[in-house]
2 protein chains.
Amino acid sequence: MTDLNNFFKSAFTVDNVIFGFDEADLKVLLIKRGEEPYKDTWALPGYFVYPNENLDEAAGRVLEELTGLRNVFLEQVKTFGAVNRHPFGRVITVAYFSLVKINAYNVQAASIASDAEWHSVSDVKDLPFDHMEILQACFNRLKWSIRTRPVGFELLPPKFTLTELQHLYEAILETPLEKRNFRKKILSMNLLIDLEESQEGVAHRPARLYQFDPEKYRQFLSEGFIFELKETKKRDNRRKLQEV
Amino acid sequence: MTDLNNFFKSAFTVDNVIFGFDEADLKVLLIKRGEEPYKDTWALPGYFVYPNENLDEAAGRVLEELTGLRNVFLEQVKTFGAVNRHPFGRVITVAYFSLVKINAYNVQAASIASDAEWHSVSDVKDLPFDHMEILQACFNRLKWSIRTRPVGFELLPPKFTLTELQHLYEAILETPLEKRNFRKKILSMNLLIDLEESQEGVAHRPARLYQFDPEKYRQFLSEGFIFELKETKKRDNRRKLQEV
DNA sequence: AGAATTAGTGTAAAAAATACACATTTAAAG
DNA sequence: CTTTAAATGTGTATTTTTTACACTAATTCT
């Protein structure tokens, strides 16, 4: 342990699964690799961790270089270090996922934006290295996070409708939800501010706009409540016929 | 990325939070450090990851060296890599937790057993490096795991009573549970085999012995059911007085 | 035989989840 | 101006789950 610097040579990276939500689809930001191996293929953005940099900082830096965004939701998920995961040597990578408001994503501000593109998560079928596994792990974590913490709002604009929120949940959980029950559940938590404004420019009855209130959430927690949307459990719950 | 071997020098370790359950107390296995820094203080067991070794393998190796046990529950939790977490240089560590049947723990088989000792988790107040933070992260993960997957059985002998199981849940969740409701919930999942045997050598009515059935759990999952004990939610649920 | 100790159970009330159908509001089309 | 299309928004009965609560049963020890 005293001879740390010569113990063995390995490389340390962070990979960042950046999620965005665009109307009806959950997206992930991929970059076209500029270097071997796998030059010119779409892959998860990642980079080395610098010696003077904490892991979270490295992940935040990757994110900022790509999107121009700071202070967005970022969370460590899992570390991948299979011996042969990188053809050029031992590379251990810490996977993070982040949630960004896709509209705030600014191509101009991003230093390597020309090589970055949003892809629908459901369309991403193969990625180099073990990136499919990393993406899956992060997606699974997101599914869990959205049920147990109010993180969905990170993916929506500050003002949103309940239908948009429901579509977001449906896209992430990959299951349809019942409109009334969803609204009842969400509104009963009392975490949203009803802005008493309406959508504009839609060709139908405009929906009410809401805003997530972090202050209300702090209070909610301090009162011992728990944010939780139940995992959909298989059950035959059809209303039974009445006997006469 | 092509010059991996010279990018920067860092050390890679795994730390393993090994949990055991002894009658009424959740325990963690600590070792007395034989080297600087923090020589002779109790710390989490950890070691370098070898160049030819996957992360899970490294964690399994640490576990086997310490306990003589193989094929026990082991799961990655989080990676800790703060720049200054180790006084001698940059050391990034992947934290795992494992669950062992404390009775199966064999001092003889463990190569460094003389320096290892079980400590009650609730008594562990300070540990070197960021080990308190690592312990806390693993304990939190255990709390979550025991509610959402049938992992509690890993900590109990193959045959156990429902009271033992309840005490285990109470120790991990750090909250008292109501006997009848706990039993009803557990038994309703149909994951246990009633061995139709009883405890022996106790000075009171002996309890029935049960066994966890992994096969039943596979079927349970395949039928779309979900293992879940609700997180205790604050609620004033006292029965209201009847009006006459 | 009786005391001590823990195991084991039944049920009513409250809360939460589920299933289901229609009226409302707006813009667009005619 | 009227009608149509499209999505919003709401109420309630049923079922399931959770919760609270108190007594009897089985065994050992004295």
# chains A, B, ... in the order shown; residues from 1 in each chain; ligands from 1
>>> interface_residues(of="chain B", to="chain C", cutoff="7 Å", atoms="only C-alpha atoms (C1' of nucleotides)", output="ChimeraX atom specification")
/B:204-207,239
>>> write_last_selection(atoms="N, CA, C and O atoms", output="compact mmCIF listing (two decimals), in the first residue's frame")
# COMPACT_ATOMS: atom_id res chain seq x y z
N HIS B 204 -39.44 -22.59 26.10
CA HIS B 204 -40.79 -22.06 25.86
C HIS B 204 -41.35 -22.79 24.66
O HIS B 204 -40.66 -23.64 24.06
N ARG B 205 -42.53 -22.46 24.30
CA ARG B 205 -43.11 -23.10 23.11
C ARG B 205 -42.16 -22.98 21.93
O ARG B 205 -41.76 -21.87 21.55
N PRO B 206 -41.77 -24.07 21.33
CA PRO B 206 -40.83 -24.00 20.22
C PRO B 206 -41.51 -23.52 18.95
O PRO B 206 -42.68 -23.81 18.70
N ALA B 207 -40.74 -22.79 18.17
CA ALA B 207 -41.29 -22.22 16.95
C ALA B 207 -41.08 -23.15 15.77
O ALA B 207 -40.17 -23.98 15.76
N ARG B 239 -57.23 3.61 15.25
CA ARG B 239 -58.63 3.33 15.03
C ARG B 239 -59.46 4.42 15.70
O ARG B 239 -59.22 4.78 16.85
>>> interface_residues(of="chain D", to="chain A", cutoff="9 Å", atoms="only C-alpha atoms (C1' of nucleotides)", output="PyMOL selection string")
chain D and resi 5-10+14-16
>>> atom_distance(atom1="CA of Thr148 in chain B", atom2="CA of Glu228 in chain A")
13.5 Å
>>> select_by_dssp(residues="range 143-225 of chain A", states="strand (DSSP E or B)", output="MDAnalysis selection string")
chainID A and resid 160 192:198 208:212
>>> residues_around(residues="Thr13 in chain B", least_positions_apart="4", cutoff="8 Å", atoms="only C-alpha atoms (C1' of nucleotides)", output="ChimeraX atom specification")
/B:46-49,91-94
>>> write_last_selection(atoms="all heavy atoms", output="PDB file, in the first residue's frame")
ATOM      1  N   GLY B  46     -10.218  -4.574   2.461  1.00  0.00           N
ATOM      2  CA  GLY B  46     -10.118  -4.190   1.061  1.00  0.00           C
ATOM      3  C   GLY B  46      -8.774  -4.611   0.525  1.00  0.00           C
ATOM      4  O   GLY B  46      -7.870  -4.950   1.288  1.00  0.00           O
ATOM      5  N   TYR B  47      -8.676  -4.597  -0.774  1.00  0.00           N
ATOM      6  CA  TYR B  47      -7.382  -4.909  -1.343  1.00  0.00           C
ATOM      7  C   TYR B  47      -7.329  -4.442  -2.785  1.00  0.00           C
ATOM      8  O   TYR B  47      -8.345  -4.101  -3.381  1.00  0.00           O
ATOM      9  CB  TYR B  47      -7.062  -6.403  -1.238  1.00  0.00           C
ATOM     10  CG  TYR B  47      -5.577  -6.645  -1.156  1.00  0.00           C
ATOM     11  CD1 TYR B  47      -4.869  -6.268  -0.010  1.00  0.00           C
ATOM     12  CD2 TYR B  47      -4.881  -7.177  -2.232  1.00  0.00           C
ATOM     13  CE1 TYR B  47      -3.497  -6.438   0.058  1.00  0.00           C
ATOM     14  CE2 TYR B  47      -3.499  -7.352  -2.167  1.00  0.00           C
ATOM     15  CZ  TYR B  47      -2.811  -6.981  -1.015  1.00  0.00           C
ATOM     16  OH  TYR B  47      -1.457  -7.142  -0.962  1.00  0.00           O
ATOM     17  N   PHE B  48      -6.119  -4.480  -3.326  1.00  0.00           N
ATOM     18  CA  PHE B  48      -5.963  -4.070  -4.711  1.00  0.00           C
ATOM     19  C   PHE B  48      -6.699  -5.000  -5.664  1.00  0.00           C
ATOM     20  O   PHE B  48      -6.817  -6.194  -5.399  1.00  0.00           O
ATOM     21  CB  PHE B  48      -4.479  -4.067  -5.105  1.00  0.00           C
ATOM     22  CG  PHE B  48      -3.707  -2.979  -4.446  1.00  0.00           C
ATOM     23  CD1 PHE B  48      -2.835  -3.259  -3.403  1.00  0.00           C
ATOM     24  CD2 PHE B  48      -3.861  -1.660  -4.858  1.00  0.00           C
ATOM     25  CE1 PHE B  48      -2.123  -2.239  -2.787  1.00  0.00           C
ATOM     26  CE2 PHE B  48      -3.150  -0.646  -4.245  1.00  0.00           C
ATOM     27  CZ  PHE B  48      -2.282  -0.932  -3.203  1.00  0.00           C
ATOM     28  N   VAL B  49      -7.114  -4.416  -6.736  1.00  0.00           N
ATOM     29  CA  VAL B  49      -7.649  -5.212  -7.845  1.00  0.00           C
ATOM     30  C   VAL B  49      -6.472  -5.607  -8.724  1.00  0.00           C
ATOM     31  O   VAL B  49      -5.680  -4.753  -9.123  1.00  0.00           O
ATOM     32  CB  VAL B  49      -8.652  -4.381  -8.669  1.00  0.00           C
ATOM     33  CG1 VAL B  49      -9.153  -5.162  -9.863  1.00  0.00           C
ATOM     34  CG2 VAL B  49      -9.810  -3.926  -7.799  1.00  0.00           C
ATOM     35  N   VAL B  91      -6.280   6.814  -4.677  1.00  0.00           N
ATOM     36  CA  VAL B  91      -6.783   5.443  -4.592  1.00  0.00           C
ATOM     37  C   VAL B  91      -8.281   5.471  -4.798  1.00  0.00           C
ATOM     38  O   VAL B  91      -9.013   6.105  -4.050  1.00  0.00           O
ATOM     39  CB  VAL B  91      -6.484   4.805  -3.227  1.00  0.00           C
ATOM     40  CG1 VAL B  91      -6.997   3.366  -3.205  1.00  0.00           C
ATOM     41  CG2 VAL B  91      -5.006   4.833  -2.924  1.00  0.00           C
ATOM     42  N   ILE B  92      -8.702   4.784  -5.815  1.00  0.00           N
ATOM     43  CA  ILE B  92     -10.132   4.712  -6.092  1.00  0.00           C
ATOM     44  C   ILE B  92     -10.617   3.339  -5.678  1.00  0.00           C
ATOM     45  O   ILE B  92      -9.982   2.331  -5.997  1.00  0.00           O
ATOM     46  CB  ILE B  92     -10.384   5.005  -7.577  1.00  0.00           C
ATOM     47  CG1 ILE B  92     -10.030   6.479  -7.844  1.00  0.00           C
ATOM     48  CG2 ILE B  92     -11.825   4.721  -7.948  1.00  0.00           C
ATOM     49  CD1 ILE B  92     -10.006   6.864  -9.282  1.00  0.00           C
ATOM     50  N   THR B  93     -11.701   3.307  -4.952  1.00  0.00           N
ATOM     51  CA  THR B  93     -12.140   2.013  -4.427  1.00  0.00           C
ATOM     52  C   THR B  93     -13.587   1.749  -4.789  1.00  0.00           C
ATOM     53  O   THR B  93     -14.427   2.646  -4.732  1.00  0.00           O
ATOM     54  CB  THR B  93     -11.940   1.927  -2.910  1.00  0.00           C
ATOM     55  OG1 THR B  93     -12.033   0.555  -2.510  1.00  0.00           O
ATOM     56  CG2 THR B  93     -12.991   2.718  -2.140  1.00  0.00           C
ATOM     57  N   VAL B  94     -13.838   0.515  -5.183  1.00  0.00           N
ATOM     58  CA  VAL B  94     -15.193   0.101  -5.501  1.00  0.00           C
ATOM     59  C   VAL B  94     -15.742  -0.643  -4.289  1.00  0.00           C
ATOM     60  O   VAL B  94     -15.161  -1.630  -3.847  1.00  0.00           O
ATOM     61  CB  VAL B  94     -15.213  -0.823  -6.733  1.00  0.00           C
ATOM     62  CG1 VAL B  94     -16.648  -1.145  -7.128  1.00  0.00           C
ATOM     63  CG2 VAL B  94     -14.487  -0.163  -7.900  1.00  0.00           C
TER      64      VAL B  94
END
>>> closest_residue(among="B:Asp40, B:Glu133, B:Glu53, B:Glu117", to="Arg85 in chain B", atoms="only C-alpha atoms")
B:Glu133
>>> residues_around(residues="Ile18 in chain A", least_positions_apart="3", cutoff="12 Å", atoms="only C-alpha atoms (C1' of nucleotides)", output="MDAnalysis selection string")
chainID A and resid 15 21 26:31 43:46 59:60 62:64 66:67 69 72:76 95:102 105 116:121 134:135 138:139 142 154:155
